[in-house]
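Asks: I'd like to ask you about the structure that follows.
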Amino acid sequence: MRTETPIAVKLADYTPYPFDIEHVDLAFDLDPDATRVTATLKLSRKSKGSAPLVLDGEALKLLSIAIDGRALTPSDYTLTDHDLTLADVPDTFELRTQVEIAPSKNTALSGLYMSGGRFCSQCESVGFRRITYYPDRPDVMSRFFVTVTADKAACPIMLSNGTPGEVTDAGNGRHKATWDDPHKKPSYLFALCAGDYDVYRDSFTTMSGKQIDLAIHVDKGDADRAAWAMDSLKRSMAWDEETYGREYDLGVFNIVAVRDFNFGAMENKGLNVFNSAYVLADEDSATDADFEAIESIVAHEYFHNWTGNRITCRDWFQLCLKEGLTVFRDQNFSADMRSRPVQRIKDVIRLRARQFAEDAGPLAHPVRPANYGAIDNLYTATVYEKGAELIGMLRRMIGPEAYRQGMDLYFDRHDGQAVTIEEFYACFADVTGKDFGPFLRWYAQAGTPQVTVEESWDEAAGELTIKLAQATPPTPGQPTKKPVPIPLELALLDGKGGTDAWMTVLDTAETTITRKTDGGRPLLSVNRDFSAPIRVGRDLTRDQRLALVVAETDPFNQWEGVQTLVTEEILKLSEGSQAQPDSDLVAAVAEAIGNASGDPAFAALLTRLPEVGELFLERKPADPVALHSGRKRLQAALAATLAPTIATTLAAPSPTPYRPSAEQAGVRALRGAFINLLGASDDADAPKTLLSLYRHATNMTERLAAMRALTMKGQSAERDEALADFEQNWKHNPIVMDKWFAVQAGQGTAATVAELASHPDFDLKNPNRVRAVVGVFSTANLAAFHAPDGSGYRAVEDIILKADAANPALAARLLAAFEQWRMLEPRAGAAAEATLQRLQDAKLSPNSADIVGRALG
Ligand SMILES: [Zn+2]
């Protein structure tokens, strides 16, 4: 059977909705198998005309429909499986519909569903149409009043958006809650959660003195593990006041943790719903990375209250308007909470690993695409991560003060509206007088620009001439590209700590800059702080690169210099299976790590070697098995050279008592990096050392690092002992067990995936668990996933097909791992193509069909 091909939606086809909805009254009579939803909409026609009323609706059982109290019969409307059309409606009227839905049968986790016996909703982007008939699009903003009736015992707590009213008795063991949201919002920000929770409460006083009641709702017995999320929330609220002048606008702010969730978290107005992995943490069960992720995601969702909720997107093509901007805001929050250079490096690692790969493959698309097939597939690294970089470039080009003025104008001018990227940039044009037309090309063109840098030195004149040229490679549907304005931070370094730094905007295909200096030939530092999301091409020798690393005064570029050197070395090593790493290079990297010991978080990043996937872009065709082997040899050489330092560092005790502070996390990051190097080392005693580190670890960060390092070494009694012990201790904590699954999927083979998938705790209906196995295997274990015999693909194929039948959004995301198949060496490439073709011939959901179709191109 052929797959259903998604119909392309085009940005150019946008038309405003012909009706205003002044008010929405929603009444829920909750029941897992038969929930009744009564919706009363007050509608009025926006302008003269006779446009029909078209409401979106999916998987709904229509029980009744009435206009101004008059019941309609089937001849009065047209009903399909995706909409309800009323051809002849008055200019102003009240529409009342009643539908029945079955949350317990909703496995797509979109709309209203059950997780752990509780009701919860997820409406972005098009889940609200699975709750009631409604114009389910972001530019229809309305005031919502919600009534929830539920069983008292099963649902002692009933939550929705806005301000709570009184809870009253509804008879028959049921009770009723009301929620009134004074702010207009689109349907994708609607939320409803009901069930029995433990609640962690606190409060926050805003800059104008309003007291806000804060509450985090979690599984029974988990309340103490919400303390860090609450602390992060309060710091986010204070930061947005200080940095953007934005105050919270309701009297209550609720967070609900949900175990079965397709995303990280969702910014519903006043009721954020979180994947429980991003709420719950304590020193026993969570790593520093978990604490950091919770801090960042809590902030991200909170920041959406202004960038996303009060001002939303006109249509889903503008998704980057809320996501790119909010990611930029949360990255800066994290930088202020921790270390700015370390945060920048981590953000760039993420961008390059995910977004540059996307840009280089068949799924490449602009930050604001001109069309899409399946809307769930629009939530990409390009929209989020590259979208954030574009805001960063804007701020860099106009400076922090003008950026803040432009943001103030944006909040002021567009509050309560659904807007476009053009309207956002018009605010910055108004405060600076600048034309952002050329800059908007960044939103329309896919692909990562490549900037080549050539320099020549005139000794007599004391002048360095720098030739810069930009080119963006072709991407699907975009064979030729125009130049984009690229803000480049540059500096001349004299090697004695002297820095002559400036910024230039490269807005043509080529340009030449001449810079005079005193003294001898300076070293040129380019794209400092990663000022633009580009690839830089420079023809430098290893010695020139080494000299640059030593002279560099920008922490990002110092790290980048080391990354470039080790990347070149891994590529060289991957050409011959017996080749041994260059000892001078290894010594230089070890020295850089030693010199950074005063900033252990930075030193930890210097030990990091690029992942196999990042190396795909450097040499085509990519041979993941050879790259993995070359990478491992370099890691082993680094471990051998650093052995005395590693031994001394790990012999010292880990900081106690445990605190998730940036300072302590930095110390543990370096310890973790050294534990990881032990996993790659050829030292025969390493497994014993690692098991001992595992046993004596006083925190999850190091316990997990030791277990992972043991699995890196393949089969051993020590590895089996650590895995068995971990499972025994944590089998009742699903969030921690996700790590146990992920560690094995990240290191094992196709057989490991099969083993993990048949584990009694593997649950196809739980996205976190599926991602821990299939997602980690296919994105973080590329030598095994892209095994030339196709075994890696076969290991995930059936699981993805089964997942697709229940939860298309989840399956489509997993399938994106195939996007790089054209870059692979011929055997793996052919196996990947055959797999994609088999998948295309299977009965796929529209979401998955969209990814597979585009991947095959
Ligand atoms: Zn977001």
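Letters A, B, ... mark the chains of the structure tokens in the order given; residue numbers begin at 1 per chain; ligand numbers begin at 1, in order shown.
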Need the shell around Ala215 in chain A: protein/DNA/RNA residues with any atom at most 10 Å away, counting only C-alpha atoms. Skip same-chain ones fewer than 3 positions apart. Format as a list in words?
Replies: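 Contacts, with the query itself left out: Asp198, Val199, Tyr200, Arg201, Asp202, Ser203, Ile212, Val218, Ala226, Met230, Val252, Phe253, Asn254, Ile255, Val256 and Leu271 of chain A.
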Asks: Neighbouring residues of ligand 1 are defined here as those with any atom at most 10 Å from a ligand atom, counting only C-alpha atoms and all ligand atoms; list them as a short mmCIF file (atom, residue, chain, number, x, y, z; two decimals) with N, CA and C atoms, in the first residue's frame.
Replies:
data_model
loop_
_atom_site.label_atom_id
_atom_site.label_comp_id
_atom_site.auth_asym_id
_atom_site.auth_seq_id
_atom_site.Cartn_x
_atom_site.Cartn_y
_atom_site.Cartn_z
N PHE A 263 7.58 16.21 23.45
CA PHE A 263 8.57 17.29 23.37
C PHE A 263 9.31 17.43 24.71
N GLY A 264 10.09 18.51 24.81
CA GLY A 264 10.75 18.80 26.08
C GLY A 264 9.75 19.43 27.04
N ALA A 265 9.04 20.45 26.57
CA ALA A 265 8.07 21.14 27.40
C ALA A 265 7.22 22.04 26.52
N MET A 266 6.13 22.56 27.08
CA MET A 266 5.20 23.38 26.30
C MET A 266 4.73 24.58 27.11
N GLU A 267 4.76 25.75 26.44
CA GLU A 267 4.58 27.03 27.11
C GLU A 267 3.14 27.50 27.28
N ILE A 297 15.40 24.82 30.13
CA ILE A 297 14.06 24.59 29.55
C ILE A 297 12.98 25.30 30.36
N ALA A 299 13.40 28.07 31.87
CA ALA A 299 13.55 29.46 31.44
C ALA A 299 12.92 29.66 30.06
N HIS A 300 13.24 28.76 29.15
CA HIS A 300 12.72 28.88 27.78
C HIS A 300 11.19 28.98 27.78
N GLU A 301 10.54 28.05 28.46
CA GLU A 301 9.07 28.05 28.45
C GLU A 301 8.53 29.29 29.14
N TYR A 302 9.18 29.69 30.23
CA TYR A 302 8.72 30.90 30.92
C TYR A 302 8.87 32.12 30.01
N PHE A 303 10.01 32.23 29.33
CA PHE A 303 10.26 33.40 28.46
C PHE A 303 9.23 33.49 27.33
N HIS A 304 8.70 32.34 26.93
CA HIS A 304 7.66 32.35 25.89
C HIS A 304 6.45 33.18 26.30
N THR A 307 7.51 36.21 24.48
CA THR A 307 7.90 35.95 23.09
C THR A 307 7.26 34.63 22.65
N GLY A 308 6.01 34.72 22.27
CA GLY A 308 5.27 33.54 21.85
C GLY A 308 3.81 33.62 22.26
N LEU A 319 7.28 30.29 12.74
CA LEU A 319 7.62 29.61 14.00
C LEU A 319 8.92 30.13 14.62
N CYS A 320 9.89 30.47 13.77
CA CYS A 320 11.17 30.97 14.29
C CYS A 320 11.00 32.29 15.03
N LYS A 322 8.91 32.98 17.32
CA LYS A 322 8.85 32.71 18.76
C LYS A 322 9.98 31.78 19.21
N GLU A 323 10.38 30.81 18.37
CA GLU A 323 11.36 29.83 18.84
C GLU A 323 12.81 30.34 18.75
N GLY A 324 13.20 30.89 17.62
CA GLY A 324 14.57 31.40 17.50
C GLY A 324 14.81 32.47 18.56
N LEU A 325 13.87 33.36 18.70
CA LEU A 325 14.00 34.46 19.67
C LEU A 325 14.05 33.92 21.10
N THR A 326 13.22 32.94 21.41
CA THR A 326 13.18 32.44 22.78
C THR A 326 14.39 31.57 23.09
N VAL A 327 14.89 30.83 22.12
CA VAL A 327 16.14 30.09 22.33
C VAL A 327 17.28 31.09 22.59
N ASP A 330 16.92 32.15 26.11
CA ASP A 330 17.32 31.17 27.14
C ASP A 330 18.83 30.92 27.12
N TYR A 379 9.50 21.52 13.47
CA TYR A 379 10.15 21.84 14.76
C TYR A 379 11.59 21.32 14.70
N TYR A 384 14.92 26.43 15.35
CA TYR A 384 15.28 26.78 16.73
C TYR A 384 16.70 27.34 16.82
#
Asks: If we count only C-alpha atoms and set the cut-off at 12 Å, which residues sit around Glu552 in chain A, ignoring sequence neighbours fewer than 3 positions away in its own chain? Please answer as a VMD selection string.
Replies: chain A and resid 490 to 501 522 to 526 528 to 529 544 to 549 555 to 562 592
Asks: Ranking A:Ala673, A:Met141, A:Met707, A:Ala51 by minimum distance to His183 in chain A and counting only C-alpha atoms, which one comes first?
Replies: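 Comparing A:Ala673, A:Met141, A:Met707, A:Ala51 against His183 in chain A, the winner is A:Met141.
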Asks: List the neighbours of Pro826 in chain A out to 12 Å using only C-alpha atoms; skip same-chain residues closer than 6 positions along the sequence, and give me the result as a PyMOL selection string.
Replies: chain A and resi 620-624+786-790+832-833
Asks: Quick one: DSSP strand (DSSP E or B) residues in range 262-461 of chain A, as a count of residues only?
Replies: 24
Asks: In terms of the shortest atom-to-atom distance over only C-alpha atoms, which of A:Ile101, A:Val550, A:Ala469, A:Ala177 is closest to Asp151 in chain A?
Replies: A:Ala177
Asks: Provide the CA of Lys61 in chain A to CA of Cys155 in chain A distance in Å, to one decimal place.
Replies: 23.9 Å
Asks: Using only C-alpha atoms, which of the listed residues (A:Ala374, A:Glu825, A:Leu678, A:Pro600) sits closest to Gly853 in chain A?
Replies: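 Once distances to Gly853 in chain A are computed over only C-alpha atoms, the minimum belongs to A:Ala374.
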Asks: So the first atom is CA of Val774 in chain A and the second is CA of Ser334 in chain A; what is the distance between them in Å, to one decimal place?
Replies: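 Interatomic distance here is 29.2 Å.
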Asks: Determine, using only C-alpha atoms, which residues of range 483-589 of chain A have any atom at most 10 Å from an atom of range 451-460 of chain A, and tabulate each with its shortest atom pair and distance in Å to one decimal place, rows ordered by chain and then rising number, as a Markdown table.
Replies:
| residue | atom | partner | partner_atom | distance |
| --- | --- | --- | --- | --- |
| A:Ile486 | CA | A:Val451 | CA | 9.2 |
| A:Leu488 | CA | A:Val451 | CA | 10.0 |
| A:Leu506 | CA | A:Val451 | CA | 9.4 |
| A:Ala509 | CA | A:Val451 | CA | 9.3 |
| A:Glu510 | CA | A:Val451 | CA | 9.3 |
| A:Thr512 | CA | A:Glu454 | CA | 9.4 |
| A:Ile513 | CA | A:Glu455 | CA | 9.5 |
| A:Thr514 | CA | A:Ser456 | CA | 9.5 |
| A:Arg515 | CA | A:Trp457 | CA | 9.8 |
| A:Lys516 | CA | A:Asp458 | CA | 9.5 |
| A:Gly519 | CA | A:Glu459 | CA | 9.6 |
| A:Gly520 | CA | A:Glu459 | CA | 7.6 |
| A:Arg521 | CA | A:Trp457 | CA | 6.9 |
| A:Pro522 | CA | A:Trp457 | CA | 8.9 |
| A:Leu523 | CA | A:Glu455 | CA | 9.9 |
| A:Leu524 | CA | A:Glu455 | CA | 8.4 |
| A:Val526 | CA | A:Val453 | CA | 8.5 |
| A:Asn527 | CA | A:Val451 | CA | 9.8 |
| A:Ile534 | CA | A:Val451 | CA | 6.9 |
| A:Arg535 | CA | A:Val451 | CA | 6.2 |
| A:Val536 | CA | A:Val451 | CA | 4.9 |
| A:Gly537 | CA | A:Thr452 | CA | 4.5 |
| A:Arg538 | CA | A:Val453 | CA | 5.4 |
| A:Asp539 | CA | A:Glu454 | CA | 7.6 |
| A:Leu540 | CA | A:Glu454 | CA | 9.5 |
Asks: Which neighbours of range 11-26 of chain A fall inside 9 Å, counting only C-alpha atoms, when residues of the same chain fewer than 5 positions from it are skipped, and could you give them as a PyMOL selection string?
Replies: chain A and resi 37-47+49+51-53+91+135+137+139-148+184+315-317+369-372
Asks: Go through A:Ala281, A:Ala27, A:Leu55, A:Ala662 one by one, measure the shortest atom-to-atom distance of each to Asp336 in chain A using only C-alpha atoms, and give the residue with the smallest value.
Replies: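 The shortest atom-to-atom distance to Asp336 in chain A comes from A:Ala662.
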Asks: Which one is closest to Ala257 in chain A: A:Ala471, A:Ile294, A:Leu409, A:Met337? Count only C-alpha atoms.
Replies: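 Closest to Ala257 in chain A of all the choices is A:Ile294.
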Asks: Excluding Phe602 in chain A and residues on its chain fewer than 5 positions from it, collect all residues at most 8 Å away from it, counting only C-alpha atoms, and give them as a list in words.
Replies: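 The residues satisfying every condition are Val342, Ala596 and Gly666 of chain A.
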